[in-house]
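K.L.:
Sending over upload-v4.pdb (PDB, C-alpha atoms).
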```
ATOM      1  CA  TYR V 142     151.238  88.286 -19.825  1.00  0.00           C
ATOM      2  CA  ILE V 143     150.354  84.633 -19.287  1.00  0.00           C
ATOM      3  CA  THR V 144     146.927  83.018 -19.491  1.00  0.00           C
ATOM      4  CA  ALA V 145     145.485  79.512 -19.256  1.00  0.00           C
ATOM      5  CA  PRO V 146     141.823  80.074 -20.227  1.00  0.00           C
ATOM      6  CA  LYS V 147     140.870  76.445 -19.602  1.00  0.00           C
ATOM      7  CA  ILE V 148     141.595  77.058 -15.904  1.00  0.00           C
ATOM      8  CA  ASP V 149     140.957  80.802 -15.470  1.00  0.00           C
ATOM      9  CA  PRO V 150     139.803  83.344 -18.084  1.00  0.00           C
ATOM     10  CA  SER V 151     142.213  85.997 -16.805  1.00  0.00           C
ATOM     11  CA  ALA V 152     145.545  87.253 -18.022  1.00  0.00           C
ATOM     12  CA  PHE V 153     148.291  87.543 -15.425  1.00  0.00           C
ATOM     13  CA  LEU V 154     151.080  90.063 -15.729  1.00  0.00           C
ATOM     14  CA  THR V 155     154.470  88.580 -14.946  1.00  0.00           C
ATOM     15  CA  ALA V 156     157.907  90.116 -14.651  1.00  0.00           C
ATOM     16  CA  LYS V 157     161.181  88.301 -15.210  1.00  0.00           C
ATOM     17  CA  ILE V 158     164.257  89.848 -13.643  1.00  0.00           C
ATOM     18  CA  ILE V 159     167.500  88.791 -15.286  1.00  0.00           C
ATOM     19  CA  ASN V 160     170.836  89.209 -13.528  1.00  0.00           C
ATOM     20  CA  TRP V 161     168.993  89.528 -10.223  1.00  0.00           C
ATOM     21  CA  GLN V 162     172.228  88.577  -8.437  1.00  0.00           C
ATOM     22  CA  ASP V 163     173.592  92.059  -9.284  1.00  0.00           C
ATOM     23  CA  TYR V 164     170.956  93.744  -7.090  1.00  0.00           C
ATOM     24  CA  ASP V 165     171.958  92.248  -3.727  1.00  0.00           C
ATOM     25  CA  LEU V 166     168.441  90.922  -3.084  1.00  0.00           C
ATOM     26  CA  GLN V 167     167.532  88.787  -0.101  1.00  0.00           C
ATOM     27  CA  SER V 168     164.780  86.224   0.393  1.00  0.00           C
ATOM     28  CA  GLY V 169     161.751  87.644   2.155  1.00  0.00           C
ATOM     29  CA  GLU V 170     158.562  89.629   1.793  1.00  0.00           C
ATOM     30  CA  ALA V 171     158.437  92.325  -0.892  1.00  0.00           C
ATOM     31  CA  SER V 172     155.899  94.982  -1.817  1.00  0.00           C
ATOM     32  CA  LEU V 173     154.911  95.085  -5.499  1.00  0.00           C
ATOM     33  CA  TYR V 174     154.204  98.299  -7.425  1.00  0.00           C
ATOM     34  CA  PHE V 175     153.290  98.618 -11.097  1.00  0.00           C
ATOM     35  CA  GLU V 176     152.844 101.919 -12.936  1.00  0.00           C
ATOM     36  CA  GLY V 177     152.795 103.716  -9.576  1.00  0.00           C
ATOM     37  CA  THR V 178     150.028 101.513  -8.155  1.00  0.00           C
ATOM     38  CA  TYR V 179     150.488  99.264  -5.138  1.00  0.00           C
ATOM     39  CA  LEU V 180     149.613  95.670  -6.107  1.00  0.00           C
ATOM     40  CA  GLY V 181     150.258  93.836  -2.878  1.00  0.00           C
ATOM     41  CA  LYS V 182     152.915  91.744  -1.226  1.00  0.00           C
ATOM     42  CA  THR V 183     154.772  88.638  -2.338  1.00  0.00           C
ATOM     43  CA  TYR V 184     157.448  86.385  -0.929  1.00  0.00           C
ATOM     44  CA  ILE V 185     160.706  86.090  -2.837  1.00  0.00           C
ATOM     45  CA  ASP V 186     162.520  82.796  -2.314  1.00  0.00           C
ATOM     46  CA  LEU V 187     165.945  83.180  -3.885  1.00  0.00           C
ATOM     47  CA  GLY V 188     166.938  79.639  -2.910  1.00  0.00           C
ATOM     48  CA  ALA V 189     164.619  78.176  -5.556  1.00  0.00           C
ATOM     49  CA  VAL V 190     165.522  80.578  -8.385  1.00  0.00           C
ATOM     50  CA  ALA V 191     167.828  79.985 -11.333  1.00  0.00           C
ATOM     51  CA  ASP V 192     169.279  82.783 -13.497  1.00  0.00           C
ATOM     52  CA  THR V 193     165.913  84.574 -13.943  1.00  0.00           C
ATOM     53  CA  LEU V 194     163.707  85.720 -11.064  1.00  0.00           C
ATOM     54  CA  PRO V 195     159.989  85.453 -11.963  1.00  0.00           C
ATOM     55  CA  LEU V 196     157.414  87.664 -10.225  1.00  0.00           C
ATOM     56  CA  SER V 197     153.650  87.543 -10.657  1.00  0.00           C
ATOM     57  CA  LEU V 198     152.031  90.974 -10.631  1.00  0.00           C
ATOM     58  CA  GLY V 199     148.468  89.652 -10.577  1.00  0.00           C
ATOM     59  CA  LYS V 200     145.490  89.815 -12.935  1.00  0.00           C
ATOM     60  CA  ASP V 201     145.262  92.513 -15.560  1.00  0.00           C
ATOM     61  CA  ASN V 202     141.730  93.352 -16.644  1.00  0.00           C
ATOM     62  CA  GLY V 203     143.086  95.113 -19.739  1.00  0.00           C
ATOM     63  CA  ILE V 204     143.481  91.737 -21.458  1.00  0.00           C
ATOM     64  CA  LYS V 205     140.149  89.983 -22.095  1.00  0.00           C
ATOM     65  CA  VAL V 206     140.253  86.210 -22.573  1.00  0.00           C
ATOM     66  CA  THR V 207     137.439  83.773 -23.391  1.00  0.00           C
ATOM     67  CA  ARG V 208     137.408  80.062 -24.221  1.00  0.00           C
ATOM     68  CA  LYS V 209     134.242  78.550 -25.608  1.00  0.00           C
ATOM     69  CA  LEU V 210     133.185  75.222 -27.035  1.00  0.00           C
ATOM     70  CA  VAL V 211     132.337  75.415 -30.746  1.00  0.00           C
ATOM     71  CA  LYS V 212     129.208  73.262 -30.757  1.00  0.00           C
ATOM     72  CA  GLU V 213     128.860  72.788 -34.510  1.00  0.00           C
ATOM     73  CA  PHE V 214     132.273  71.090 -34.614  1.00  0.00           C
ATOM     74  CA  SER V 215     131.932  69.084 -31.383  1.00  0.00           C
ATOM     75  CA  THR V 216     130.273  65.671 -31.721  1.00  0.00           C
ATOM     76  CA  LYS V 217     129.777  62.261 -30.128  1.00  0.00           C
ATOM     77  CA  ARG V 218     129.773  59.163 -32.359  1.00  0.00           C
ATOM     78  CA  PHE V 219     129.398  55.441 -31.746  1.00  0.00           C
ATOM     79  CA  ILE V 220     131.468  53.144 -33.970  1.00  0.00           C
ATOM     80  CA  GLY V 221     131.195  49.464 -33.053  1.00  0.00           C
ATOM     81  CA  SER V 222     132.126  49.058 -29.411  1.00  0.00           C
ATOM     82  CA  ASN V 223     133.809  52.463 -29.248  1.00  0.00           C
ATOM     83  CA  ARG V 224     132.675  56.024 -28.728  1.00  0.00           C
ATOM     84  CA  THR V 225     134.459  59.037 -30.204  1.00  0.00           C
ATOM     85  CA  ASP V 226     134.051  62.506 -28.707  1.00  0.00           C
ATOM     86  CA  THR V 227     135.307  65.379 -30.844  1.00  0.00           C
ATOM     87  CA  ARG V 228     135.839  68.771 -29.230  1.00  0.00           C
ATOM     88  CA  GLN V 229     136.765  72.118 -30.726  1.00  0.00           C
ATOM     89  CA  TYR V 230     137.351  75.272 -28.700  1.00  0.00           C
ATOM     90  CA  GLU V 231     137.821  78.886 -29.727  1.00  0.00           C
ATOM     91  CA  ILE V 232     140.088  81.045 -27.594  1.00  0.00           C
ATOM     92  CA  SER V 233     139.678  84.790 -28.009  1.00  0.00           C
ATOM     93  CA  ILE V 234     142.202  87.303 -26.651  1.00  0.00           C
ATOM     94  CA  ARG V 235     141.580  91.062 -26.849  1.00  0.00           C
ATOM     95  CA  ASN V 236     143.952  93.841 -25.843  1.00  0.00           C
ATOM     96  CA  THR V 237     142.011  96.820 -24.453  1.00  0.00           C
ATOM     97  CA  LYS V 238     145.194  98.586 -23.308  1.00  0.00           C
ATOM     98  CA  GLN V 239     146.805 101.570 -25.078  1.00  0.00           C
ATOM     99  CA  VAL V 240     150.092  99.701 -25.662  1.00  0.00           C
ATOM    100  CA  ALA V 241     151.086  96.521 -27.469  1.00  0.00           C
ATOM    101  CA  VAL V 242     151.451  93.457 -25.235  1.00  0.00           C
ATOM    102  CA  ASN V 243     153.085  90.041 -25.527  1.00  0.00           C
ATOM    103  CA  VAL V 244     150.811  87.225 -24.361  1.00  0.00           C
ATOM    104  CA  THR V 245     151.580  83.550 -23.767  1.00  0.00           C
ATOM    105  CA  ILE V 246     148.459  81.367 -23.986  1.00  0.00           C
ATOM    106  CA  ASN V 247     148.485  77.824 -22.586  1.00  0.00           C
ATOM    107  CA  ASP V 248     145.863  75.148 -23.228  1.00  0.00           C
ATOM    108  CA  LYS V 249     145.964  71.385 -22.970  1.00  0.00           C
ATOM    109  CA  PHE V 250     145.068  68.328 -24.990  1.00  0.00           C
ATOM    110  CA  PRO V 251     143.879  65.286 -23.019  1.00  0.00           C
ATOM    111  CA  VAL V 252     146.653  62.738 -22.461  1.00  0.00           C
ATOM    112  CA  SER V 253     145.772  59.056 -22.310  1.00  0.00           C
ATOM    113  CA  THR V 254     147.543  56.749 -19.888  1.00  0.00           C
ATOM    114  CA  THR V 255     145.879  53.573 -21.194  1.00  0.00           C
ATOM    115  CA  LYS V 256     146.063  52.042 -24.673  1.00  0.00           C
ATOM    116  CA  GLU V 257     142.290  51.553 -25.027  1.00  0.00           C
ATOM    117  CA  ILE V 258     141.751  55.331 -24.881  1.00  0.00           C
ATOM    118  CA  THR V 259     143.345  57.320 -27.707  1.00  0.00           C
ATOM    119  CA  VAL V 260     143.541  61.023 -28.471  1.00  0.00           C
ATOM    120  CA  ASP V 261     143.607  61.720 -32.224  1.00  0.00           C
ATOM    121  CA  ASP V 262     143.295  64.639 -34.650  1.00  0.00           C
ATOM    122  CA  GLN V 263     145.038  67.066 -32.329  1.00  0.00           C
ATOM    123  CA  LYS V 264     145.014  70.495 -33.944  1.00  0.00           C
ATOM    124  CA  ALA V 265     146.290  73.764 -32.505  1.00  0.00           C
ATOM    125  CA  PRO V 266     147.420  75.942 -35.425  1.00  0.00           C
ATOM    126  CA  GLU V 267     150.425  78.172 -34.710  1.00  0.00           C
ATOM    127  CA  ALA V 268     150.990  76.557 -31.274  1.00  0.00           C
ATOM    128  CA  GLN V 269     154.028  74.771 -29.909  1.00  0.00           C
ATOM    129  CA  VAL V 270     152.805  71.415 -28.546  1.00  0.00           C
ATOM    130  CA  ASP V 271     154.614  69.261 -25.980  1.00  0.00           C
ATOM    131  CA  LYS V 272     153.659  65.716 -26.995  1.00  0.00           C
ATOM    132  CA  ASP V 273     154.382  64.258 -23.528  1.00  0.00           C
ATOM    133  CA  THR V 274     152.261  66.674 -21.470  1.00  0.00           C
ATOM    134  CA  GLY V 275     149.742  67.712 -24.144  1.00  0.00           C
ATOM    135  CA  ILE V 276     150.334  71.405 -23.418  1.00  0.00           C
ATOM    136  CA  ALA V 277     149.818  73.743 -26.386  1.00  0.00           C
ATOM    137  CA  THR V 278     151.494  77.160 -26.117  1.00  0.00           C
ATOM    138  CA  TRP V 279     150.975  80.220 -28.278  1.00  0.00           C
ATOM    139  CA  THR V 280     153.113  83.353 -27.944  1.00  0.00           C
ATOM    140  CA  ILE V 281     151.547  86.351 -29.659  1.00  0.00           C
ATOM    141  CA  THR V 282     151.836  90.127 -29.747  1.00  0.00           C
ATOM    142  CA  LEU V 283     148.594  92.096 -29.620  1.00  0.00           C
ATOM    143  CA  GLN V 284     148.465  95.708 -30.737  1.00  0.00           C
ATOM    144  CA  PRO V 285     146.199  98.171 -28.861  1.00  0.00           C
ATOM    145  CA  GLY V 286     142.556  97.230 -29.479  1.00  0.00           C
ATOM    146  CA  GLN V 287     143.492  94.078 -31.423  1.00  0.00           C
ATOM    147  CA  GLU V 288     141.657  90.770 -30.964  1.00  0.00           C
ATOM    148  CA  LYS V 289     143.052  87.366 -31.932  1.00  0.00           C
ATOM    149  CA  LYS V 290     141.164  84.091 -32.177  1.00  0.00           C
ATOM    150  CA  LEU V 291     142.924  80.748 -31.704  1.00  0.00           C
ATOM    151  CA  GLY V 292     141.591  77.236 -32.087  1.00  0.00           C
ATOM    152  CA  ILE V 293     142.268  73.897 -30.468  1.00  0.00           C
ATOM    153  CA  SER V 294     140.551  70.619 -31.331  1.00  0.00           C
ATOM    154  CA  TYR V 295     140.910  66.898 -30.693  1.00  0.00           C
ATOM    155  CA  ALA V 296     139.066  63.576 -30.819  1.00  0.00           C
ATOM    156  CA  VAL V 297     139.038  61.036 -27.986  1.00  0.00           C
ATOM    157  CA  LYS V 298     138.209  57.418 -28.813  1.00  0.00           C
ATOM    158  CA  TYR V 299     137.317  55.088 -25.936  1.00  0.00           C
ATOM    159  CA  PRO V 300     135.237  51.951 -25.189  1.00  0.00           C
ATOM    160  CA  LYS V 301     131.537  52.825 -24.827  1.00  0.00           C
ATOM    161  CA  ASP V 302     131.337  51.066 -21.457  1.00  0.00           C
ATOM    162  CA  ARG V 303     133.941  53.482 -19.999  1.00  0.00           C
ATOM    163  CA  LYS V 304     133.195  56.930 -18.645  1.00  0.00           C
ATOM    164  CA  VAL V 305     135.677  59.607 -19.714  1.00  0.00           C
ATOM    165  CA  VAL V 306     135.677  63.174 -18.412  1.00  0.00           C
ATOM    166  CA  LEU V 307     137.029  65.531 -21.059  1.00  0.00           C
ATOM    167  CA  GLU V 308     136.734  68.804 -19.144  1.00  0.00           C
TER
END
```
Could I get this structure in the form of structure tokens?
P.N.:
Amino acid sequence: YITAPKIDPSAFLTAKIINWQDYDLQSGEASLYFEGTYLGKTYIDLGAVADTLPLSLGKDNGIKVTRKLVKEFSTKRFIGSNRTDTRQYEISIRNTKQVAVNVTINDKFPVSTTKEITVDDQKAPEAQVDKDTGIATWTITLQPGQEKKLGISYAVKYPKDRKVVLE
């Protein structure tokens, strides 16, 4: 399962087929079935695939995902000619299925392209963070009925005469 709750609060089931070359597949339209249920059609382009063939099987409502702003830890401050906006978010993932699932959660820190705007105090406990793109990734296993809460926070400092969109 993969989710990016900043963009869409849904979890998407994905399949990765290794050694797909052994199955004599061809590029074209394919029908997708999961647990005996027809999911729809997809197009498989084998010309753009490496050693693993990824397939998206669509949204799974058995994984509940929310991302909310934690207001008591999110502030705006003026210091001299600068403004600092601090944001903290709580991401909650709950497995309502009867089996354990592996979930990859992606979120993103803002990335500044100018030196007068800085992103500081980046915190995403237990996440792998790509410093160049600002993408934070958690990979977790949820048991049946289990809920996990994750946090991500940062502070953006910028001149008060500039307008910065943080969402």
K.L.:
Can you pull out the residues contacting Glu267 (chain V)? Cut-off 9 Å, using all atoms listed in the file, and skip same-chain residues under 5 positions away; I want them as a PyMOL selection string.
P.N.:
chain V and resi 278-280+291
K.L.:
Quick one: everything within 9 Å of region 164-177 of chain V, counting only C-alpha atoms, minus sequence neighbours fewer than 4 positions away in the same chain. Send it as an mmCIF file with C-alpha atoms, in the frame of the given file.
P.N.:
```
data_model
loop_
_atom_site.group_PDB
_atom_site.id
_atom_site.type_symbol
_atom_site.label_atom_id
_atom_site.label_comp_id
_atom_site.auth_asym_id
_atom_site.auth_seq_id
_atom_site.Cartn_x
_atom_site.Cartn_y
_atom_site.Cartn_z
ATOM 1 C CA ASN V 160 170.836 89.209 -13.528
ATOM 2 C CA GLY V 181 150.258 93.836 -2.878
ATOM 3 C CA LYS V 182 152.915 91.744 -1.226
ATOM 4 C CA THR V 183 154.772 88.638 -2.338
ATOM 5 C CA TYR V 184 157.448 86.385 -0.929
ATOM 6 C CA ILE V 185 160.706 86.090 -2.837
ATOM 7 C CA ASP V 186 162.520 82.796 -2.314
ATOM 8 C CA LEU V 187 165.945 83.180 -3.885
ATOM 9 C CA GLY V 188 166.938 79.639 -2.910
ATOM 10 C CA LEU V 198 152.031 90.974 -10.631
#
```
K.L.:
Out of V:Asn223, V:Tyr295, V:Lys264, V:Lys289, which residue has the shortest atom-to-atom distance to Ile246 (chain V) when counting all atoms listed in the file?
P.N.:
V:Lys289
K.L.:
Please compute the CA of Val211 (chain V)-CA of Thr237 (chain V) distance, one decimal, in Å.
P.N.:
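Distance between the two atoms: 24.3 Å.
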K.L.:
Would you translate the PyMOL selection byres ((chain V and resi 247-258) around 7) into the concrete set of residues it matches in this file, as JSON, numbers by chain?
P.N.:
{"V": [144, 145, 147, 245, 246, 259, 260, 274, 275, 276, 277, 278, 279, 298, 299]}
K.L.:
For Asn243 (chain V), which residue among V:Thr282, V:Gln269, V:Gln162, V:Ser197 is the nearest when counting only C-alpha atoms?
P.N.:
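Closest to Asn243 (chain V) of all the choices is V:Thr282.
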K.L.:
CA of Leu194 (chain V) and CA of Phe153 (chain V), how far apart in Å?
P.N.:
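Distance reported for this atom pair: 16.1 Å.
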K.L.:
Please compute the CA of Pro150 (chain V)-CA of Arg235 (chain V) distance, one decimal, in Å.
P.N.:
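Atom-to-atom, CA of Pro150 (chain V) and CA of Arg235 (chain V) are spaced 11.8 Å apart.
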K.L.:
Find the residues around Arg224 (chain V) up to 10 Å (all atoms listed in the file counted), leave out those fewer than 6 positions away in its own chain, and share them as a list of chain:residue names.
P.N.:
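The residues satisfying every condition are V:Lys217, V:Arg218, V:Ile258, V:Val297, V:Lys298, V:Tyr299, V:Pro300, V:Lys301, V:Asp302, V:Arg303.
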K.L.:
Using all atoms listed in the file, can you tell me which of V:Val242, V:Gly292, V:Lys157, V:Asp163 comes closest to Arg228 (chain V)?
P.N.:
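Looking only at the distances to Arg228 (chain V), the closest residue turns out to be V:Gly292.
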K.L.:
Mind working out the centre and edge lengths of an axis-aligned box for region 294-298 of chain V, all listed atoms inside, 3 Å added to each side, rounded to one decimal in Å and written as AutoDock Vina command-line options?
P.N.:
```
--center_x 139.6 --center_y 64.0 --center_z -29.7 --size_x 8.7 --size_y 19.2 --size_z 9.3
```
K.L.:
What would the selection look like, as a list in words, if the PyMOL selection byres ((chain V and resi 214) around 8) were run on the coordinates I just shared?
P.N.:
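Selected by the PyMOL selection byres ((chain V and resi 214) around 8) in this file: Val211, Lys212, Glu213, Ser215, Thr216, Thr227, Arg228 and Gln229 of chain V.
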K.L.:
Would you output that residue set with C-alpha atoms, as a PDB file, keeping the file's coordinate frame?
P.N.:
```pdb
ATOM      1  CA  VAL V 211     132.337  75.415 -30.746  1.00  0.00           C
ATOM      2  CA  LYS V 212     129.208  73.262 -30.757  1.00  0.00           C
ATOM      3  CA  GLU V 213     128.860  72.788 -34.510  1.00  0.00           C
ATOM      4  CA  SER V 215     131.932  69.084 -31.383  1.00  0.00           C
ATOM      5  CA  THR V 216     130.273  65.671 -31.721  1.00  0.00           C
ATOM      6  CA  THR V 227     135.307  65.379 -30.844  1.00  0.00           C
ATOM      7  CA  ARG V 228     135.839  68.771 -29.230  1.00  0.00           C
ATOM      8  CA  GLN V 229     136.765  72.118 -30.726  1.00  0.00           C
TER       9      GLN V 229
END
```
K.L.:
Using only C-alpha atoms, which of V:Val206, V:Ile143, V:Ala189, V:Ile158 sits nearest Glu288 (chain V)?
P.N.:
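Under the stated criterion, the closest residue is V:Val206.
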K.L.:
Once the PyMOL selection byres ((chain V and resi 232) around 7) is applied to the coordinates I shared, what remains selected? I want it as a list of chain:residue names.
P.N.:
V:Thr207, V:Arg208, V:Lys209, V:Tyr230, V:Glu231, V:Ser233, V:Ile234, V:Lys290, V:Leu291, V:Gly292
K.L.:
Which residues come within 8 Å of Gly199 (chain V), counting all atoms listed in the file, excluding same-chain residues fewer than 4 positions away, as a PyMOL selection string?
P.N.:
chain V and resi 153-155+180
